[in-house]
Amino acid sequence: MAIDEGRLMAFVHKFVGDLGATMAAGGIVVGDRLGLYRALAERPMRPQELAERTGTAARYVEEWLRGQAAGGYVEYDEATGAYALTEEQAFALTNPNGPIFAPGAFQLAIGALRAEPQITQAFLTGDGLGWHEHDSDVFAGCERFFRPGYSASLTSSWLPALDGVEAKLRTGAQVADVGCGHGASTILMAQAFPSTTFVGSDYHAGSVEQATKRAEGLSLGDRVSFHTAAAQSFNGGPYDLVTMFDSLHDMGDPLGAARHVRSSLRDDGTSMIVEPAAGATVGDNLNPIGRVYYAFSAFLCVPNALSQAGGYSLGAQAGEEPIRRLAADAGFSRFRRAAETPFNIVYEARP
Ligand SMILES: C[S@@+](CC[C@H](N)C(=O)[O-])C[C@H]1O[C@@H](n2cnc3c(N)ncnc32)[C@H](O)[C@@H]1O
């Protein structure tokens, strides 16, 4: 077999870049947990100064800063020996409530990778691995990964894109948020629509507990509550709106879930299904965003679905057609793509 030297070296460069990114993920999580990025956003600092400011050990901080500069996450001034964040780096690295927050994504990735031994085994057996069996960084990282996108778009563009929904939420409506995790989406909606009642549910009791804690102290009163329940059997209704944020494709029985959502809706109600952005074919998804989602899907979404009754797995890159078919099979008569961002597609399904 003839090896093309140029193609081989291009592949080696690619893998070295990926290796650096993989190891750097640990440093990004460390920098976030210890407040290193937040402190550096205040002003340029030398390693000793940043260590003193954050109560950390200078030799570790020095090595961390060098790696961060090599990766383009901080800037280095050779003349002064100081490190700094640009406005853009600070914007994406320091604010968990802003529209972009890279450390949350890496926390999710590191948490997911802790399950590598179980996932390797699952590839051999075909067994599942439930969401609840993962490291707690998966739950917290998921919230911190998704919330920026929700704060940027949910109340400003996704809900207004649904037919007549925003007006109902303003005057007072009943909403269920299914597979709500730590409740980031539920709480954002509740804060925006003070006349409406929100019920979040998730099969994972630990996430429901955290969601309840997140809502405490936000003066949302009993307008917001969280319950442990599977999507196929959550309580209450009839609802004006049932939302599913990045959860439908995780379910082993998505048809059962969609049918239950349909039966919990008022006749003029709406189901909002937020799914990862994906093209119609595998080929359409062979790009950096598809790579991110396929990788998370193999470690989180597919194993979770295969761990549940139903044993069917859409995966995180299912695309529009399977979701449209699911909605039709569940008894929805209208289905459309209502909004999209580079990371998400928002579908509207109506009875
Ligand atoms: C990717 S997370 C998204 C969480 C949350 N909606 C968000 O956007 O941050 C998927 C969620 O679906 C939940 N889930 C998975 N299968 C479920 C099921 N059958 N019924 C209810 N929730 C489920 C998981 O526990 C997890 O919290």
# chains A, B, ... in the order shown; residues from 1 in each chain; ligands from 1

$ residues_around --residues "Asp329 (chain A)" --least-positions-apart "5" --cutoff "12 Å" --atoms "only C-alpha atoms" --output "list in words"
Pro254, Leu255, Gly256, Ala257, Ala258, Arg259, His260, Arg262, Pro322, Ile323, Arg324, Arg334, Phe335, Ala349 and Pro351 of chain A

$ residues_near_ligand --ligand "ligand 1" --cutoff "6 Å" --atoms "only C-alpha atoms and all ligand atoms" --output "PDB file with all heavy atoms, in the first residue's frame"
ATOM      1  N   TRP A 131     -28.875   7.801  32.101  1.00  0.00           N
ATOM      2  CA  TRP A 131     -28.419   9.169  32.427  1.00  0.00           C
ATOM      3  C   TRP A 131     -28.026   9.242  33.897  1.00  0.00           C
ATOM      4  O   TRP A 131     -26.990   9.790  34.256  1.00  0.00           O
ATOM      5  CB  TRP A 131     -29.567  10.139  32.109  1.00  0.00           C
ATOM      6  CG  TRP A 131     -29.246  11.590  32.274  1.00  0.00           C
ATOM      7  CD1 TRP A 131     -29.541  12.378  33.339  1.00  0.00           C
ATOM      8  CD2 TRP A 131     -28.573  12.440  31.320  1.00  0.00           C
ATOM      9  NE1 TRP A 131     -29.106  13.660  33.119  1.00  0.00           N
ATOM     10  CE2 TRP A 131     -28.508  13.734  31.896  1.00  0.00           C
ATOM     11  CE3 TRP A 131     -28.023  12.235  30.050  1.00  0.00           C
ATOM     12  CZ2 TRP A 131     -27.919  14.819  31.233  1.00  0.00           C
ATOM     13  CZ3 TRP A 131     -27.431  13.318  29.403  1.00  0.00           C
ATOM     14  CH2 TRP A 131     -27.382  14.587  29.992  1.00  0.00           C
ATOM     15  N   CYS A 142     -24.332  19.637  31.699  1.00  0.00           N
ATOM     16  CA  CYS A 142     -25.430  19.717  30.726  1.00  0.00           C
ATOM     17  C   CYS A 142     -26.190  21.030  30.922  1.00  0.00           C
ATOM     18  O   CYS A 142     -26.458  21.757  29.960  1.00  0.00           O
ATOM     19  CB  CYS A 142     -26.346  18.507  30.925  1.00  0.00           C
ATOM     20  SG  CYS A 142     -27.763  18.521  29.839  1.00  0.00           S
ATOM     21  N   GLU A 143     -26.480  21.331  32.168  1.00  0.00           N
ATOM     22  CA  GLU A 143     -27.194  22.587  32.465  1.00  0.00           C
ATOM     23  C   GLU A 143     -26.369  23.790  31.995  1.00  0.00           C
ATOM     24  O   GLU A 143     -26.876  24.697  31.338  1.00  0.00           O
ATOM     25  CB  GLU A 143     -27.425  22.677  33.981  1.00  0.00           C
ATOM     26  CG  GLU A 143     -28.040  23.974  34.425  1.00  0.00           C
ATOM     27  CD  GLU A 143     -28.000  24.143  35.949  1.00  0.00           C
ATOM     28  OE1 GLU A 143     -27.375  23.307  36.633  1.00  0.00           O
ATOM     29  OE2 GLU A 143     -28.581  25.130  36.426  1.00  0.00           O
ATOM     30  N   PHE A 146     -26.176  23.958  28.041  1.00  0.00           N
ATOM     31  CA  PHE A 146     -27.381  24.342  27.301  1.00  0.00           C
ATOM     32  C   PHE A 146     -27.951  25.702  27.697  1.00  0.00           C
ATOM     33  O   PHE A 146     -28.536  26.392  26.873  1.00  0.00           O
ATOM     34  CB  PHE A 146     -28.486  23.287  27.488  1.00  0.00           C
ATOM     35  CG  PHE A 146     -28.278  22.044  26.661  1.00  0.00           C
ATOM     36  CD1 PHE A 146     -28.273  20.789  27.237  1.00  0.00           C
ATOM     37  CD2 PHE A 146     -28.095  22.130  25.284  1.00  0.00           C
ATOM     38  CE1 PHE A 146     -28.086  19.637  26.466  1.00  0.00           C
ATOM     39  CE2 PHE A 146     -27.906  20.998  24.510  1.00  0.00           C
ATOM     40  CZ  PHE A 146     -27.902  19.748  25.098  1.00  0.00           C
ATOM     41  N   GLY A 179     -38.438  16.200  30.778  1.00  0.00           N
ATOM     42  CA  GLY A 179     -36.998  15.916  30.659  1.00  0.00           C
ATOM     43  C   GLY A 179     -36.216  17.175  30.973  1.00  0.00           C
ATOM     44  O   GLY A 179     -35.283  17.542  30.265  1.00  0.00           O
ATOM     45  N   CYS A 180     -36.613  17.855  32.061  1.00  0.00           N
ATOM     46  CA  CYS A 180     -36.151  19.231  32.329  1.00  0.00           C
ATOM     47  C   CYS A 180     -34.755  19.299  32.930  1.00  0.00           C
ATOM     48  O   CYS A 180     -34.202  20.394  33.057  1.00  0.00           O
ATOM     49  CB  CYS A 180     -37.140  19.937  33.260  1.00  0.00           C
ATOM     50  SG  CYS A 180     -37.181  19.201  34.915  1.00  0.00           S
ATOM     51  N   GLY A 181     -34.169  18.160  33.326  1.00  0.00           N
ATOM     52  CA  GLY A 181     -32.836  18.204  33.929  1.00  0.00           C
ATOM     53  C   GLY A 181     -32.816  19.119  35.135  1.00  0.00           C
ATOM     54  O   GLY A 181     -33.670  19.006  36.025  1.00  0.00           O
ATOM     55  N   ALA A 184     -33.154  24.520  33.819  1.00  0.00           N
ATOM     56  CA  ALA A 184     -32.707  25.813  33.272  1.00  0.00           C
ATOM     57  C   ALA A 184     -33.794  26.428  32.384  1.00  0.00           C
ATOM     58  O   ALA A 184     -34.118  27.616  32.522  1.00  0.00           O
ATOM     59  CB  ALA A 184     -31.418  25.630  32.473  1.00  0.00           C
ATOM     60  N   ASP A 202     -38.644  15.111  35.207  1.00  0.00           N
ATOM     61  CA  ASP A 202     -37.512  14.353  34.656  1.00  0.00           C
ATOM     62  C   ASP A 202     -37.515  13.000  35.371  1.00  0.00           C
ATOM     63  O   ASP A 202     -37.891  12.921  36.540  1.00  0.00           O
ATOM     64  CB  ASP A 202     -36.199  15.101  34.937  1.00  0.00           C
ATOM     65  CG  ASP A 202     -35.053  14.618  34.058  1.00  0.00           C
ATOM     66  OD1 ASP A 202     -34.598  13.469  34.262  1.00  0.00           O
ATOM     67  OD2 ASP A 202     -34.623  15.373  33.172  1.00  0.00           O
ATOM     68  N   TYR A 203     -37.088  11.943  34.655  1.00  0.00           N
ATOM     69  CA  TYR A 203     -37.085  10.635  35.317  1.00  0.00           C
ATOM     70  C   TYR A 203     -35.962  10.554  36.358  1.00  0.00           C
ATOM     71  O   TYR A 203     -36.003   9.718  37.253  1.00  0.00           O
ATOM     72  CB  TYR A 203     -36.945   9.504  34.270  1.00  0.00           C
ATOM     73  CG  TYR A 203     -35.519   9.054  34.035  1.00  0.00           C
ATOM     74  CD1 TYR A 203     -35.020   7.920  34.676  1.00  0.00           C
ATOM     75  CD2 TYR A 203     -34.654   9.780  33.218  1.00  0.00           C
ATOM     76  CE1 TYR A 203     -33.706   7.515  34.495  1.00  0.00           C
ATOM     77  CE2 TYR A 203     -33.349   9.383  33.028  1.00  0.00           C
ATOM     78  CZ  TYR A 203     -32.873   8.247  33.662  1.00  0.00           C
ATOM     79  OH  TYR A 203     -31.566   7.848  33.497  1.00  0.00           O
ATOM     80  N   HIS A 204     -34.961  11.464  36.275  1.00  0.00           N
ATOM     81  CA  HIS A 204     -33.799  11.399  37.165  1.00  0.00           C
ATOM     82  C   HIS A 204     -34.043  12.228  38.435  1.00  0.00           C
ATOM     83  O   HIS A 204     -34.056  13.473  38.387  1.00  0.00           O
ATOM     84  CB  HIS A 204     -32.557  11.908  36.409  1.00  0.00           C
ATOM     85  CG  HIS A 204     -31.329  11.930  37.250  1.00  0.00           C
ATOM     86  ND1 HIS A 204     -30.414  12.962  37.217  1.00  0.00           N
ATOM     87  CD2 HIS A 204     -30.854  11.029  38.150  1.00  0.00           C
ATOM     88  CE1 HIS A 204     -29.439  12.701  38.062  1.00  0.00           C
ATOM     89  NE2 HIS A 204     -29.683  11.545  38.634  1.00  0.00           N
ATOM     90  N   ALA A 230     -41.329   9.912  34.419  1.00  0.00           N
ATOM     91  CA  ALA A 230     -40.915   9.613  33.050  1.00  0.00           C
ATOM     92  C   ALA A 230     -41.802  10.378  32.075  1.00  0.00           C
ATOM     93  O   ALA A 230     -42.950  10.704  32.396  1.00  0.00           O
ATOM     94  CB  ALA A 230     -41.026   8.115  32.779  1.00  0.00           C
ATOM     95  N   ALA A 231     -41.256  10.631  30.888  1.00  0.00           N
ATOM     96  CA  ALA A 231     -41.993  11.385  29.874  1.00  0.00           C
ATOM     97  C   ALA A 231     -43.251  10.654  29.432  1.00  0.00           C
ATOM     98  O   ALA A 231     -44.185  11.264  28.937  1.00  0.00           O
ATOM     99  CB  ALA A 231     -41.090  11.622  28.663  1.00  0.00           C
ATOM    100  N   PHE A 245     -36.760  19.909  25.872  1.00  0.00           N
ATOM    101  CA  PHE A 245     -35.492  20.508  25.466  1.00  0.00           C
ATOM    102  C   PHE A 245     -34.402  19.450  25.440  1.00  0.00           C
ATOM    103  O   PHE A 245     -33.985  18.953  26.497  1.00  0.00           O
ATOM    104  CB  PHE A 245     -35.095  21.617  26.457  1.00  0.00           C
ATOM    105  CG  PHE A 245     -35.982  22.830  26.381  1.00  0.00           C
ATOM    106  CD1 PHE A 245     -37.146  22.888  27.126  1.00  0.00           C
ATOM    107  CD2 PHE A 245     -35.652  23.898  25.557  1.00  0.00           C
ATOM    108  CE1 PHE A 245     -37.969  23.997  27.059  1.00  0.00           C
ATOM    109  CE2 PHE A 245     -36.465  25.010  25.492  1.00  0.00           C
ATOM    110  CZ  PHE A 245     -37.631  25.063  26.235  1.00  0.00           C
ATOM    111  N   ASP A 246     -33.964  19.102  24.238  1.00  0.00           N
ATOM    112  CA  ASP A 246     -32.869  18.144  24.085  1.00  0.00           C
ATOM    113  C   ASP A 246     -33.092  16.892  24.915  1.00  0.00           C
ATOM    114  O   ASP A 246     -32.145  16.357  25.507  1.00  0.00           O
ATOM    115  CB  ASP A 246     -31.526  18.804  24.439  1.00  0.00           C
ATOM    116  CG  ASP A 246     -31.023  19.674  23.287  1.00  0.00           C
ATOM    117  OD1 ASP A 246     -30.684  19.114  22.236  1.00  0.00           O
ATOM    118  OD2 ASP A 246     -31.012  20.906  23.437  1.00  0.00           O
ATOM    119  N   SER A 247     -34.317  16.441  24.982  1.00  0.00           N
ATOM    120  CA  SER A 247     -34.576  15.225  25.772  1.00  0.00           C
ATOM    121  C   SER A 247     -35.298  14.146  24.960  1.00  0.00           C
ATOM    122  O   SER A 247     -35.095  12.961  25.239  1.00  0.00           O
ATOM    123  CB  SER A 247     -35.384  15.570  27.042  1.00  0.00           C
ATOM    124  OG  SER A 247     -36.659  16.087  26.726  1.00  0.00           O
ATOM    125  N   ASP A 250     -33.285  11.322  23.647  1.00  0.00           N
ATOM    126  CA  ASP A 250     -32.621  10.520  24.688  1.00  0.00           C
ATOM    127  C   ASP A 250     -33.495   9.370  25.184  1.00  0.00           C
ATOM    128  O   ASP A 250     -33.043   8.550  25.977  1.00  0.00           O
ATOM    129  CB  ASP A 250     -32.288  11.395  25.907  1.00  0.00           C
ATOM    130  CG  ASP A 250     -31.064  12.254  25.678  1.00  0.00           C
ATOM    131  OD1 ASP A 250     -30.239  11.889  24.829  1.00  0.00           O
ATOM    132  OD2 ASP A 250     -30.931  13.291  26.358  1.00  0.00           O
ATOM    133  N   MET A 251     -34.729   9.335  24.753  1.00  0.00           N
ATOM    134  CA  MET A 251     -35.685   8.402  25.371  1.00  0.00           C
ATOM    135  C   MET A 251     -35.771   7.069  24.625  1.00  0.00           C
ATOM    136  O   MET A 251     -35.753   7.040  23.395  1.00  0.00           O
ATOM    137  CB  MET A 251     -37.063   9.050  25.429  1.00  0.00           C
ATOM    138  CG  MET A 251     -37.043  10.282  26.318  1.00  0.00           C
ATOM    139  SD  MET A 251     -38.565  11.202  26.239  1.00  0.00           S
ATOM    140  CE  MET A 251     -38.091  12.665  27.173  1.00  0.00           C
TER     141      MET A 251
END

$ closest_residue --among "A:Ala277, A:Ala161, A:Leu220, A:Val292" --to "Ala318 (chain A)" --atoms "only C-alpha atoms"
A:Ala277

$ residues_around --residues "Gly130 (chain A)" --least-positions-apart "2" --cutoff "6 Å" --atoms "only C-alpha atoms" --output "PyMOL selection string"
chain A and resi 132-133+304+307

$ atom_distance --atom1 "CA of Ala51 (chain A)" --atom2 "CA of Ala109 (chain A)"
26.3 Å

$ closest_residue --among "A:Leu162, A:Gln210, A:Ala70, A:Phe101" --to "Gly17 (chain A)" --atoms "only C-alpha atoms"
A:Ala70

$ atom_distance --atom1 "CA of Ala21 (chain A)" --atom2 "CA of Thr341 (chain A)"
24.6 Å

$ residues_around --residues "Thr270 (chain A)" --least-positions-apart "4" --cutoff "8 Å" --atoms "only C-alpha atoms" --output "list in words"
Val165, Asp240, Leu241, Val242, Leu265, Glu348, Ala349, Arg350 and Pro351 of chain A

$ atom_distance --atom1 "CA of Ile119 (chain A)" --atom2 "CA of Tyr294 (chain A)"
14.1 Å

$ residues_around --residues "Tyr73 (chain A)" --least-positions-apart "4" --cutoff "8 Å" --atoms "only C-alpha atoms" --output "PyMOL selection string"
chain A and resi 68-69+85+89

$ select_by_dssp --residues "region 172-207 of chain A" --states "helix (DSSP H, G or I)" --output "list in words"
Ala184, Ser185, Thr186, Ile187, Leu188, Met189, Ala190, Gln191, Ala192, Ala205, Gly206 and Ser207 of chain A

$ residues_around --residues "Met45 (chain A)" --least-positions-apart "5" --cutoff "7 Å" --atoms "only C-alpha atoms" --output "PyMOL selection string"
chain A and resi 40+50+82-84

$ closest_residue --among "A:Gly164, A:Pro303, A:Gly200, A:Pro103" --to "Phe145 (chain A)" --atoms "only C-alpha atoms"
A:Pro103

$ select_by_dssp --residues "region 177-332 of chain A" --states "strand (DSSP E)" --output "MDAnalysis selection string"
chainID A and resid 177:178 197:202 224:228 239:245 265:276

$ write_last_selection --atoms "C-alpha atoms" --output "compact mmCIF listing (two decimals), in the first residue's frame"
# COMPACT_ATOMS: atom_id res chain seq x y z
CA ASP A 177 -41.31 21.00 30.66
CA VAL A 178 -40.51 17.31 30.13
CA THR A 197 -47.59 28.03 35.88
CA PHE A 198 -44.73 25.67 35.03
CA VAL A 199 -44.32 21.99 35.93
CA GLY A 200 -40.91 20.50 35.21
CA SER A 201 -40.39 16.73 35.23
CA ASP A 202 -37.51 14.35 34.66
CA VAL A 224 -42.93 26.49 39.45
CA SER A 225 -42.66 22.93 40.67
CA PHE A 226 -40.52 19.95 39.74
CA HIS A 227 -41.43 16.26 39.89
CA THR A 228 -39.72 12.96 39.23
CA TYR A 239 -51.47 21.87 29.28
CA ASP A 240 -51.32 24.79 26.84
CA LEU A 241 -47.69 24.06 26.09
CA VAL A 242 -45.50 21.01 26.62
CA THR A 243 -41.79 21.54 25.99
CA MET A 244 -38.98 19.04 25.53
CA PHE A 245 -35.49 20.51 25.47
CA LEU A 265 -52.34 18.88 25.74
CA ARG A 266 -55.44 20.99 25.32
CA ASP A 267 -56.99 20.65 21.86
CA ASP A 268 -55.49 24.02 20.89
CA GLY A 269 -52.24 23.34 22.75
CA THR A 270 -48.69 23.19 21.42
CA SER A 271 -45.78 20.84 21.80
CA MET A 272 -42.37 22.48 21.42
CA ILE A 273 -39.60 20.00 20.67
CA VAL A 274 -36.07 21.41 20.84
CA GLU A 275 -33.53 19.07 19.28
CA PRO A 276 -29.86 19.37 18.34

$ residues_around --residues "Glu52 (chain A)" --least-positions-apart "2" --cutoff "12 Å" --atoms "only C-alpha atoms" --output "JSON list (two decimals) with all heavy atoms, in the first residue's frame"
[["chain", "number", "residue", "atom", "x", "y", "z"],
["A", 35, "GLY", "N", -11.67, 29.71, 39.41],
["A", 35, "GLY", "CA", -11.85, 31.15, 39.19],
["A", 35, "GLY", "C", -10.66, 31.79, 38.48],
["A", 35, "GLY", "O", -10.49, 33.02, 38.54],
["A", 36, "LEU", "N", -9.83, 30.99, 37.80],
["A", 36, "LEU", "CA", -8.63, 31.55, 37.17],
["A", 36, "LEU", "C", -9.02, 32.47, 36.00],
["A", 36, "LEU", "O", -8.44, 33.55, 35.84],
["A", 36, "LEU", "CB", -7.72, 30.42, 36.67],
["A", 36, "LEU", "CG", -7.20, 29.46, 37.76],
["A", 36, "LEU", "CD1", -6.40, 28.32, 37.15],
["A", 36, "LEU", "CD2", -6.34, 30.21, 38.77],
["A", 39, "ALA", "N", -10.57, 35.75, 37.39],
["A", 39, "ALA", "CA", -9.57, 36.67, 37.95],
["A", 39, "ALA", "C", -8.76, 37.32, 36.84],
["A", 39, "ALA", "O", -8.49, 38.53, 36.87],
["A", 39, "ALA", "CB", -8.65, 35.91, 38.91],
["A", 40, "LEU", "N", -8.39, 36.54, 35.83],
["A", 40, "LEU", "CA", -7.56, 37.07, 34.75],
["A", 40, "LEU", "C", -8.33, 38.08, 33.89],
["A", 40, "LEU", "O", -7.72, 38.93, 33.24],
["A", 40, "LEU", "CB", -7.08, 35.90, 33.88],
["A", 40, "LEU", "CG", -5.80, 36.13, 33.06],
["A", 40, "LEU", "CD1", -4.62, 36.49, 33.97],
["A", 40, "LEU", "CD2", -5.47, 34.88, 32.25],
["A", 45, "MET", "N", -2.01, 39.52, 34.32],
["A", 45, "MET", "CA", -1.28, 39.12, 35.52],
["A", 45, "MET", "C", -0.16, 38.15, 35.16],
["A", 45, "MET", "O", -0.28, 37.38, 34.21],
["A", 45, "MET", "CB", -2.22, 38.39, 36.50],
["A", 45, "MET", "CG", -3.23, 39.27, 37.15],
["A", 45, "MET", "SD", -4.21, 38.31, 38.35],
["A", 45, "MET", "CE", -5.76, 39.17, 38.25],
["A", 46, "ARG", "N", 0.88, 38.17, 35.99],
["A", 46, "ARG", "CA", 1.91, 37.14, 35.90],
["A", 46, "ARG", "C", 1.42, 35.95, 36.72],
["A", 46, "ARG", "O", 0.54, 36.10, 37.58],
["A", 46, "ARG", "CB", 3.23, 37.67, 36.45],
["A", 46, "ARG", "CG", 3.83, 38.76, 35.58],
["A", 46, "ARG", "CD", 5.31, 38.96, 35.90],
["A", 46, "ARG", "NE", 5.80, 40.14, 35.21],
["A", 46, "ARG", "CZ", 5.63, 41.39, 35.67],
["A", 46, "ARG", "NH1", 5.03, 41.60, 36.83],
["A", 46, "ARG", "NH2", 6.08, 42.40, 34.97],
["A", 47, "PRO", "N", 2.02, 34.78, 36.50],
["A", 47, "PRO", "CA", 1.52, 33.58, 37.19],
["A", 47, "PRO", "C", 1.46, 33.74, 38.72],
["A", 47, "PRO", "O", 0.45, 33.38, 39.34],
["A", 47, "PRO", "CB", 2.55, 32.51, 36.79],
["A", 47, "PRO", "CG", 3.06, 32.97, 35.45],
["A", 47, "PRO", "CD", 3.06, 34.46, 35.50],
["A", 48, "GLN", "N", 2.52, 34.32, 39.32],
["A", 48, "GLN", "CA", 2.56, 34.47, 40.78],
["A", 48, "GLN", "C", 1.37, 35.30, 41.28],
["A", 48, "GLN", "O", 0.70, 34.97, 42.26],
["A", 48, "GLN", "CB", 3.88, 35.14, 41.17],
["A", 48, "GLN", "CG", 4.09, 35.33, 42.66],
["A", 48, "GLN", "CD", 4.33, 34.02, 43.38],
["A", 48, "GLN", "OE1", 4.97, 33.12, 42.83],
["A", 48, "GLN", "NE2", 3.79, 33.88, 44.59],
["A", 49, "GLU", "N", 1.11, 36.36, 40.53],
["A", 49, "GLU", "CA", 0.03, 37.29, 40.90],
["A", 49, "GLU", "C", -1.34, 36.60, 40.79],
["A", 49, "GLU", "O", -2.19, 36.73, 41.69],
["A", 49, "GLU", "CB", 0.10, 38.46, 39.91],
["A", 49, "GLU", "CG", -0.44, 39.75, 40.40],
["A", 49, "GLU", "CD", -0.35, 40.82, 39.31],
["A", 49, "GLU", "OE1", 0.34, 40.60, 38.28],
["A", 49, "GLU", "OE2", -1.01, 41.85, 39.50],
["A", 50, "LEU", "N", -1.52, 35.85, 39.70],
["A", 50, "LEU", "CA", -2.81, 35.15, 39.52],
["A", 50, "LEU", "C", -2.99, 34.09, 40.60],
["A", 50, "LEU", "O", -4.10, 33.91, 41.14],
["A", 50, "LEU", "CB", -2.86, 34.50, 38.12],
["A", 50, "LEU", "CG", -4.13, 33.71, 37.80],
["A", 50, "LEU", "CD1", -5.38, 34.59, 37.88],
["A", 50, "LEU", "CD2", -4.04, 33.08, 36.39],
["A", 54, "THR", "N", -5.98, 34.07, 43.48],
["A", 54, "THR", "CA", -6.98, 32.99, 43.49],
["A", 54, "THR", "C", -6.70, 31.95, 44.58],
["A", 54, "THR", "O", -7.43, 30.94, 44.66],
["A", 54, "THR", "CB", -7.01, 32.27, 42.12],
["A", 54, "THR", "OG1", -5.69, 31.87, 41.76],
["A", 54, "THR", "CG2", -7.57, 33.17, 41.03],
["A", 55, "GLY", "N", -5.66, 32.15, 45.37],
["A", 55, "GLY", "CA", -5.35, 31.19, 46.44],
["A", 55, "GLY", "C", -4.91, 29.84, 45.89],
["A", 55, "GLY", "O", -5.26, 28.78, 46.43],
["A", 56, "THR", "N", -4.17, 29.88, 44.79],
["A", 56, "THR", "CA", -3.72, 28.63, 44.16],
["A", 56, "THR", "C", -2.19, 28.57, 44.17],
["A", 56, "THR", "O", -1.51, 29.55, 44.50],
["A", 56, "THR", "CB", -4.23, 28.54, 42.71],
["A", 56, "THR", "OG1", -3.92, 29.77, 42.05],
["A", 56, "THR", "CG2", -5.74, 28.33, 42.67],
["A", 57, "ALA", "N", -1.64, 27.41, 43.78],
["A", 57, "ALA", "CA", -0.20, 27.20, 43.83],
["A", 57, "ALA", "C", 0.45, 27.72, 42.54],
["A", 57, "ALA", "O", 0.06, 27.31, 41.43],
["A", 57, "ALA", "CB", 0.10, 25.72, 44.00],
["A", 58, "ALA", "N", 1.44, 28.60, 42.69],
["A", 58, "ALA", "CA", 1.99, 29.34, 41.55],
["A", 58, "ALA", "C", 2.58, 28.43, 40.46],
["A", 58, "ALA", "O", 2.42, 28.71, 39.27],
["A", 58, "ALA", "CB", 3.06, 30.32, 42.04],
["A", 59, "ARG", "N", 3.25, 27.36, 40.85],
["A", 59, "ARG", "CA", 3.89, 26.53, 39.82],
["A", 59, "ARG", "C", 2.84, 25.86, 38.91],
["A", 59, "ARG", "O", 3.04, 25.73, 37.71],
["A", 59, "ARG", "CB", 4.80, 25.48, 40.49],
["A", 59, "ARG", "CG", 5.55, 24.63, 39.50],
["A", 59, "ARG", "CD", 6.53, 25.44, 38.63],
["A", 59, "ARG", "NE", 7.09, 24.67, 37.53],
["A", 59, "ARG", "CZ", 6.60, 24.66, 36.29],
["A", 59, "ARG", "NH1", 5.54, 25.38, 35.97],
["A", 59, "ARG", "NH2", 7.15, 23.92, 35.36],
["A", 61, "VAL", "N", -0.18, 27.09, 38.36],
["A", 61, "VAL", "CA", -0.83, 28.16, 37.59],
["A", 61, "VAL", "C", 0.06, 28.57, 36.41],
["A", 61, "VAL", "O", -0.43, 28.83, 35.30],
["A", 61, "VAL", "CB", -1.13, 29.36, 38.52],
["A", 61, "VAL", "CG1", -1.55, 30.58, 37.71],
["A", 61, "VAL", "CG2", -2.23, 28.99, 39.51],
["A", 62, "GLU", "N", 1.38, 28.60, 36.66],
["A", 62, "GLU", "CA", 2.32, 28.95, 35.59],
["A", 62, "GLU", "C", 2.19, 27.97, 34.41],
["A", 62, "GLU", "O", 2.08, 28.37, 33.25],
["A", 62, "GLU", "CB", 3.73, 28.88, 36.18],
["A", 62, "GLU", "CG", 4.83, 29.25, 35.22],
["A", 62, "GLU", "CD", 6.19, 29.20, 35.93],
["A", 62, "GLU", "OE1", 6.45, 28.22, 36.68],
["A", 62, "GLU", "OE2", 6.98, 30.12, 35.73]]
